[in-house]
file coords-v8.cif (mmCIF, C-alpha atoms)
data_final
#
loop_
_atom_site.label_atom_id
_atom_site.label_comp_id
_atom_site.auth_asym_id
_atom_site.auth_seq_id
_atom_site.Cartn_x
_atom_site.Cartn_y
_atom_site.Cartn_z
CA MET A 562 -22.44 24.68 -21.76
CA SER A 563 -19.45 24.41 -19.48
CA GLN A 564 -21.57 25.65 -16.57
CA LEU A 565 -24.19 23.04 -17.38
CA SER A 566 -21.68 20.19 -17.53
CA GLN A 567 -20.14 21.44 -14.30
CA ALA A 568 -23.54 21.41 -12.63
CA LEU A 569 -24.27 17.91 -13.88
CA SER A 570 -20.92 16.41 -12.94
CA PRO A 571 -20.97 14.50 -9.65
CA SER A 572 -19.28 16.20 -6.75
CA ILE A 573 -16.13 14.87 -5.15
CA SER A 574 -16.44 14.40 -1.41
CA VAL A 575 -13.26 15.23 0.43
CA LEU A 576 -12.15 14.83 4.03
CA ILE A 577 -9.21 16.86 5.23
CA ALA A 578 -7.15 15.25 7.97
CA ASP A 579 -4.51 17.58 9.31
CA ALA A 580 -2.95 17.90 12.75
CA ASP A 581 -3.02 21.69 12.30
CA ARG A 582 -6.65 22.75 12.70
CA MET A 583 -6.15 26.22 11.22
CA SER A 584 -4.37 24.84 8.17
CA ALA A 585 -7.10 22.25 7.61
CA HIS A 586 -9.83 24.90 7.71
CA LEU A 587 -7.93 27.18 5.35
CA ILE A 588 -7.57 24.32 2.87
CA ALA A 589 -11.27 23.49 3.19
CA GLU A 590 -12.22 27.11 2.59
CA GLY A 591 -9.89 27.41 -0.38
CA LEU A 592 -11.19 24.22 -1.95
CA THR A 593 -14.86 25.03 -1.72
CA ARG A 594 -14.76 28.76 -2.51
CA GLY A 595 -16.82 29.33 -5.64
CA ARG A 596 -16.79 25.66 -6.60
CA HIS A 597 -19.51 23.06 -6.47
CA ASP A 598 -17.69 19.97 -7.67
CA ILE A 599 -15.67 19.55 -4.48
CA VAL A 600 -17.53 19.06 -1.20
CA VAL A 601 -15.60 18.98 2.05
CA VAL A 602 -17.43 16.42 4.19
CA GLY A 603 -15.23 16.88 7.20
CA VAL A 604 -12.11 18.30 8.72
CA SER A 605 -10.30 16.15 11.23
CA ASN A 606 -7.39 16.77 13.53
CA SER A 607 -7.43 13.29 15.01
CA PRO A 608 -7.14 9.99 13.15
CA ALA A 609 -9.29 8.29 15.80
CA ARG A 610 -12.41 10.42 15.41
CA PRO A 611 -13.29 10.70 11.74
CA SER A 612 -14.04 7.06 10.93
CA GLY A 613 -17.62 7.91 9.96
CA ASN A 614 -16.53 10.74 7.68
CA TRP A 615 -13.82 8.62 6.13
CA LYS A 616 -16.46 6.27 4.80
CA LYS A 617 -18.37 9.21 3.29
CA ALA A 618 -15.34 10.71 1.61
CA SER A 619 -14.19 9.51 -1.77
CA ARG A 620 -10.96 11.48 -1.47
CA ILE A 621 -8.91 12.25 1.58
CA LEU A 622 -6.23 14.84 2.03
CA LEU A 623 -3.68 14.14 4.73
CA MET B 1313 0.34 9.51 14.59
CA ARG B 1314 2.09 10.68 11.41
CA GLY B 1315 0.35 11.08 8.07
CA TYR B 1316 2.01 7.95 6.77
CA HIS B 1317 0.53 5.88 9.61
CA VAL B 1318 -2.88 7.49 9.16
CA LEU B 1319 -2.66 6.52 5.51
CA GLN B 1320 -2.07 2.87 6.36
CA TYR B 1321 -4.91 2.97 8.91
CA LEU B 1322 -7.16 4.50 6.27
CA GLN B 1323 -6.31 1.76 3.76
CA MET B 1324 -7.54 -0.83 6.26
CA LEU B 1325 -10.62 1.14 7.26
CA SER B 1326 -11.79 2.24 3.85
CA PRO B 1327 -9.83 0.65 0.98
CA LYS B 1328 -11.97 2.26 -1.72
CA THR B 1329 -11.20 5.80 -0.57
CA THR B 1330 -8.20 7.31 -2.29
CA ALA B 1331 -5.79 9.58 -0.49
CA ILE B 1332 -3.59 12.49 -1.40
CA MET B 1333 -0.76 13.27 0.97
CA LEU B 1334 -0.08 16.92 1.74
CA ILE B 1335 3.64 17.24 2.31
CA PRO B 1336 5.60 20.26 3.59
CA ASN B 1337 8.21 19.91 0.85
CA SER B 1338 9.27 17.49 -1.86
CA GLU B 1339 11.61 15.54 0.36
CA ARG B 1340 12.50 12.15 -1.10
CA GLN B 1341 11.51 10.08 1.95
CA LEU B 1342 8.17 11.83 2.37
CA VAL B 1343 7.27 11.20 -1.25
CA VAL B 1344 8.34 7.54 -1.17
CA ASP B 1345 6.55 6.91 2.15
CA ALA B 1346 3.35 8.51 0.82
CA PHE B 1347 3.18 6.30 -2.26
CA ARG B 1348 4.27 3.20 -0.35
CA GLY B 1349 1.48 3.92 2.11
CA GLY B 1350 -1.07 3.93 -0.70
CA ALA B 1351 -1.47 7.62 -1.57
CA ARG B 1352 -2.46 8.32 -5.17
CA GLY B 1353 -0.85 11.71 -5.14
CA VAL B 1354 1.43 14.01 -3.21
CA PHE B 1355 0.83 17.72 -2.98
CA CYS B 1356 3.34 20.20 -1.63
CA ARG B 1357 1.74 22.63 0.82
CA LEU B 1358 3.70 25.51 -0.69
CA GLN B 1359 1.78 25.20 -3.95
CA PRO B 1360 -1.34 27.32 -4.66
CA ILE B 1361 -4.71 26.01 -3.50
CA LYS B 1362 -6.10 26.21 -7.05
CA LEU B 1363 -3.64 23.54 -8.03
CA LEU B 1364 -4.90 21.37 -5.17
CA SER B 1365 -8.39 21.38 -6.71
CA LYS B 1366 -6.84 20.20 -9.96
CA CYS B 1367 -4.88 17.55 -8.07
CA ILE B 1368 -8.09 16.24 -6.43
CA ARG B 1369 -9.92 16.12 -9.76
CA THR B 1370 -7.01 14.33 -11.41
CA VAL B 1371 -6.85 11.68 -8.70
CA HIS B 1372 -10.64 11.41 -8.79
CA GLU B 1373 -10.34 10.53 -12.50
CA GLY B 1374 -8.06 7.64 -11.58
CA GLN B 1375 -4.74 9.27 -12.37
CA ILE B 1376 -1.68 9.78 -10.22
CA TRP B 1377 -0.59 13.24 -9.11
CA ALA B 1378 3.16 13.68 -8.86
CA ASP B 1379 5.60 15.97 -10.60
CA THR B 1380 8.67 14.77 -12.49
CA ARG B 1381 10.94 15.16 -9.47
CA ASN B 1382 8.63 13.08 -7.28
CA LEU B 1383 8.33 10.41 -9.94
CA ALA B 1384 12.12 10.30 -10.12
CA PHE B 1385 12.20 9.59 -6.35
CA ILE B 1386 9.79 6.69 -6.83
CA LEU B 1387 11.76 5.27 -9.75
CA GLU B 1388 15.00 5.55 -7.81
CA PHE B 1389 13.38 3.75 -4.90
CA LEU B 1390 12.14 0.97 -7.17
CA THR B 1391 15.53 0.45 -8.74
CA GLN B 1392 17.06 0.03 -5.28
CA LEU B 1393 14.70 -2.85 -4.49
CA LYS B 1394 16.03 -6.38 -4.71
CA PRO B 1395 15.59 -7.50 -8.32
CA LEU B 1396 13.05 -10.22 -9.04
CA ARG B 1397 14.59 -13.60 -9.70
CA LEU B 1398 13.19 -15.58 -12.55
CA ILE B 1399 12.73 -19.25 -11.83
CA LYS B 1400 11.93 -21.75 -14.56
CA PRO B 1401 8.49 -23.28 -14.02
CA GLY B 1402 9.05 -26.36 -11.92
CA GLY B 1403 12.81 -25.81 -11.95
CA GLY B 1404 13.00 -24.72 -8.33
CA ILE B 1405 10.82 -27.54 -7.05
CA ALA B 1406 12.99 -30.16 -8.68
CA ARG B 1407 15.97 -28.81 -6.77
CA LEU B 1408 14.37 -29.36 -3.36
CA THR B 1409 15.62 -32.30 -1.32
CA PRO B 1410 12.97 -34.68 0.08
CA ARG B 1411 13.43 -33.09 3.52
CA GLU B 1412 13.03 -29.57 2.14
CA ALA B 1413 9.89 -30.63 0.28
CA GLU B 1414 8.57 -32.00 3.59
CA VAL B 1415 9.25 -28.66 5.31
CA VAL B 1416 7.41 -26.81 2.52
CA HIS B 1417 4.48 -29.21 2.79
CA LEU B 1418 4.18 -28.65 6.55
CA LEU B 1419 4.57 -24.87 6.24
CA ALA B 1420 1.94 -24.74 3.50
CA ASN B 1421 -0.39 -26.57 5.85
CA GLY B 1422 -0.03 -23.78 8.39
CA LEU B 1423 2.53 -25.18 10.82
CA SER B 1424 4.90 -22.80 12.58
CA THR B 1425 8.67 -23.29 12.64
CA ARG B 1426 8.39 -24.75 16.15
CA GLU B 1427 5.64 -27.15 15.12
CA ILE B 1428 7.61 -28.28 12.06
CA SER B 1429 10.70 -28.86 14.20
CA ARG B 1430 8.71 -30.99 16.66
CA LYS B 1431 7.04 -32.94 13.88
CA LEU B 1432 10.34 -33.73 12.15
CA GLY B 1433 12.33 -34.17 15.36
CA LEU B 1434 14.75 -31.40 14.43
CA THR B 1435 15.74 -28.13 16.09
CA GLU B 1436 14.09 -24.83 15.11
CA HIS B 1437 17.52 -23.62 14.00
CA THR B 1438 17.76 -26.50 11.52
CA ILE B 1439 14.28 -25.73 10.18
CA ARG B 1440 15.28 -22.11 9.69
CA ASN B 1441 18.34 -23.27 7.76
CA TYR B 1442 16.11 -25.44 5.58
CA LEU B 1443 13.78 -22.50 5.00
CA SER B 1444 16.68 -20.30 3.99
CA ALA B 1445 17.84 -22.89 1.43
CA ILE B 1446 14.25 -23.31 0.18
CA TYR B 1447 13.77 -19.54 -0.24
CA ASP B 1448 16.93 -19.42 -2.30
CA LYS B 1449 15.96 -22.35 -4.54
CA LEU B 1450 12.42 -21.16 -5.14
CA GLY B 1451 13.22 -17.45 -5.41
CA VAL B 1452 10.92 -16.37 -2.58
CA SER B 1453 11.81 -14.18 0.38
CA SER B 1454 9.31 -14.93 3.15
CA ARG B 1455 7.13 -17.62 4.71
CA VAL B 1456 4.04 -15.97 3.24
CA GLU B 1457 5.50 -15.98 -0.26
CA LEU B 1458 6.55 -19.59 0.18
CA ALA B 1459 3.09 -20.61 1.42
CA LEU B 1460 1.45 -18.82 -1.53
CA TYR B 1461 3.91 -20.46 -3.91
CA ALA B 1462 3.12 -23.88 -2.44
CA VAL B 1463 -0.64 -23.34 -2.51
CA ALA B 1464 -0.39 -22.30 -6.16
CA ARG B 1465 1.31 -25.64 -6.83
CA GLU B 1466 -0.87 -28.34 -5.36
CA ASP B 1467 1.94 -30.91 -5.40
CA LEU B 1468 3.73 -28.94 -2.69
CA THR B 1469 0.78 -28.98 -0.32
CA LEU B 1470 0.53 -32.76 -0.56
CA PRO B 1471 2.88 -34.94 1.50
CA PRO B 1472 6.13 -35.58 -0.44
CA GLY B 1473 5.96 -38.64 -2.65
CA GLU B 1474 2.20 -38.47 -3.29
#
call {"tool": "encode", "arguments": {"input": "coords-v8.cif", "output": "structure tokens"}}
result
Amino acid sequence: MSQLSQALSPSISVLIADADRMSAHLIAEGLTRGRHDIVVVGVSNSPARPSGNWKKASRILL
Amino acid sequence: MRGYHVLQYLQMLSPKTTAIMLIPNSERQLVVDAFRGGARGVFCRLQPIKLLSKCIRTVHEGQIWADTRNLAFILEFLTQLKPLRLIKPGGGIARLTPREAEVVHLLANGLSTREISRKLGLTEHTIRNYLSAIYDKLGVSSRVELALYAVAREDLTLPPGE
């Protein structure tokens, strides 16, 4: 039942914006490992570039 | 560009997107800046990644993510802010002199300090003094607040005496 509700729940799209590329990728990997409710739509190291991804993301980690 | 500035940029670019600020430690200024910038949560990088997933879900559900210590920083910050002054409805307006009411009318109609001074034949310094007295009487602290106050009260956007 819990697996079913997890599968039916909408995913949360997340963009990670971090000046440290390695740190951002580690966070992305940690967030998505074994989970389906959090989707990392992008990892950005520059505030100028990710404007497209920002619009896709419902949550942003800075 | 620091995270705080990115946060402000993000608010302009995509106001519906909510942000969580990742901070290196629970330093008071970092926490206050994050929430002032519009973050809905702060997450210390030293905490386990599993907790970050929970933080994201919590913020996604519309809640705020901050521990007791961080909330205490926010409350302390709020208590340091200048207290709101309560003005009786209409009480402040009645205290304005005809000249002050004229300044408010011109400001509410979009004139700058320089334009008001030219229109009234006074120096900009005098207009600024008038504004300072008006702010005090009406309990506002900026031109924008004053303009909003005046627009909310139609009688202040009309020329004095009408």
call {"tool": "atom_distance", "arguments": {"input": "coords-v8.cif", "atom1": "atom CA of B:Ile1446", "atom2": "atom CA of B:Asn1421"}}
result
16.0 Å
call {"tool": "closest_residue", "arguments": {"input": "coords-v8.cif", "among": "B:Ile1335, B:Gln1323, B:Ser1365, B:Gly1350", "to": "A:Val600", "atoms": "all atoms listed in the file"}}
result
B:Ser1365
call {"tool": "closest_atom_pairs", "arguments": {"input": "coords-v8.cif", "of": "chain B", "to": "chain A", "cutoff": "9 Å", "atoms": "all atoms listed in the file", "output": "Markdown table"}}
result
| residue | atom | partner | partner_atom | distance |
| --- | --- | --- | --- | --- |
| B:Met1313 | CA | A:Pro608 | CA | 7.6 |
| B:Arg1314 | CA | A:Ala580 | CA | 8.9 |
| B:Gly1315 | CA | A:Leu623 | CA | 6.1 |
| B:Tyr1316 | CA | A:Leu623 | CA | 8.7 |
| B:Val1318 | CA | A:Pro608 | CA | 6.3 |
| B:Leu1319 | CA | A:Leu623 | CA | 7.7 |
| B:Tyr1321 | CA | A:Pro608 | CA | 8.5 |
| B:Leu1322 | CA | A:Trp615 | CA | 7.8 |
| B:Leu1325 | CA | A:Ser612 | CA | 7.8 |
| B:Ser1326 | CA | A:Lys616 | CA | 6.2 |
| B:Lys1328 | CA | A:Ser619 | CA | 7.6 |
| B:Thr1329 | CA | A:Ser619 | CA | 4.9 |
| B:Thr1330 | CA | A:Arg620 | CA | 5.1 |
| B:Ala1331 | CA | A:Ile621 | CA | 4.6 |
| B:Ile1332 | CA | A:Leu622 | CA | 4.9 |
| B:Met1333 | CA | A:Leu623 | CA | 4.8 |
| B:Leu1334 | CA | A:Leu623 | CA | 5.4 |
| B:Ile1335 | CA | A:Leu623 | CA | 8.3 |
| B:Ile1361 | CA | A:Gly591 | CA | 6.2 |
| B:Lys1362 | CA | A:Leu592 | CA | 7.5 |
| B:Leu1364 | CA | A:Leu592 | CA | 7.6 |
| B:Ser1365 | CA | A:Leu592 | CA | 6.2 |
| B:Ile1368 | CA | A:Arg620 | CA | 7.4 |
| B:Arg1369 | CA | A:Ile573 | CA | 7.8 |
| B:Val1371 | CA | A:Arg620 | CA | 8.3 |
| B:His1372 | CA | A:Arg620 | CA | 7.3 |
call {"tool": "resolve_selection", "arguments": {"input": "coords-v8.cif", "expression": "the PyMOL selection byres ((chain B and resi 1339) around 12)", "output": "list in words"}}
result
Leu1334, Ile1335, Pro1336, Asn1337, Ser1338, Arg1340, Gln1341, Leu1342, Val1343, Val1344, Asp1345, Ala1346, Val1354, Phe1355, Cys1356, Arg1381, Asn1382, Leu1383, Ala1384, Phe1385 and Ile1386 of chain B
call {"tool": "atom_distance", "arguments": {"input": "coords-v8.cif", "atom1": "atom CA of B:Ala1464", "atom2": "atom CA of B:Ile1439"}}
result
22.2 Å
call {"tool": "atom_distance", "arguments": {"input": "coords-v8.cif", "atom1": "atom CA of B:Leu1458", "atom2": "atom CA of B:Val1416"}}
result
7.6 Å
call {"tool": "residues_around", "arguments": {"input": "coords-v8.cif", "residues": "B:Ser1444", "least_positions_apart": "2", "cutoff": "12 Å", "atoms": "only C-alpha atoms", "output": "MDAnalysis selection string"}}
result
chainID B and resid 1408 1412 1415:1416 1437:1442 1446:1455 1458
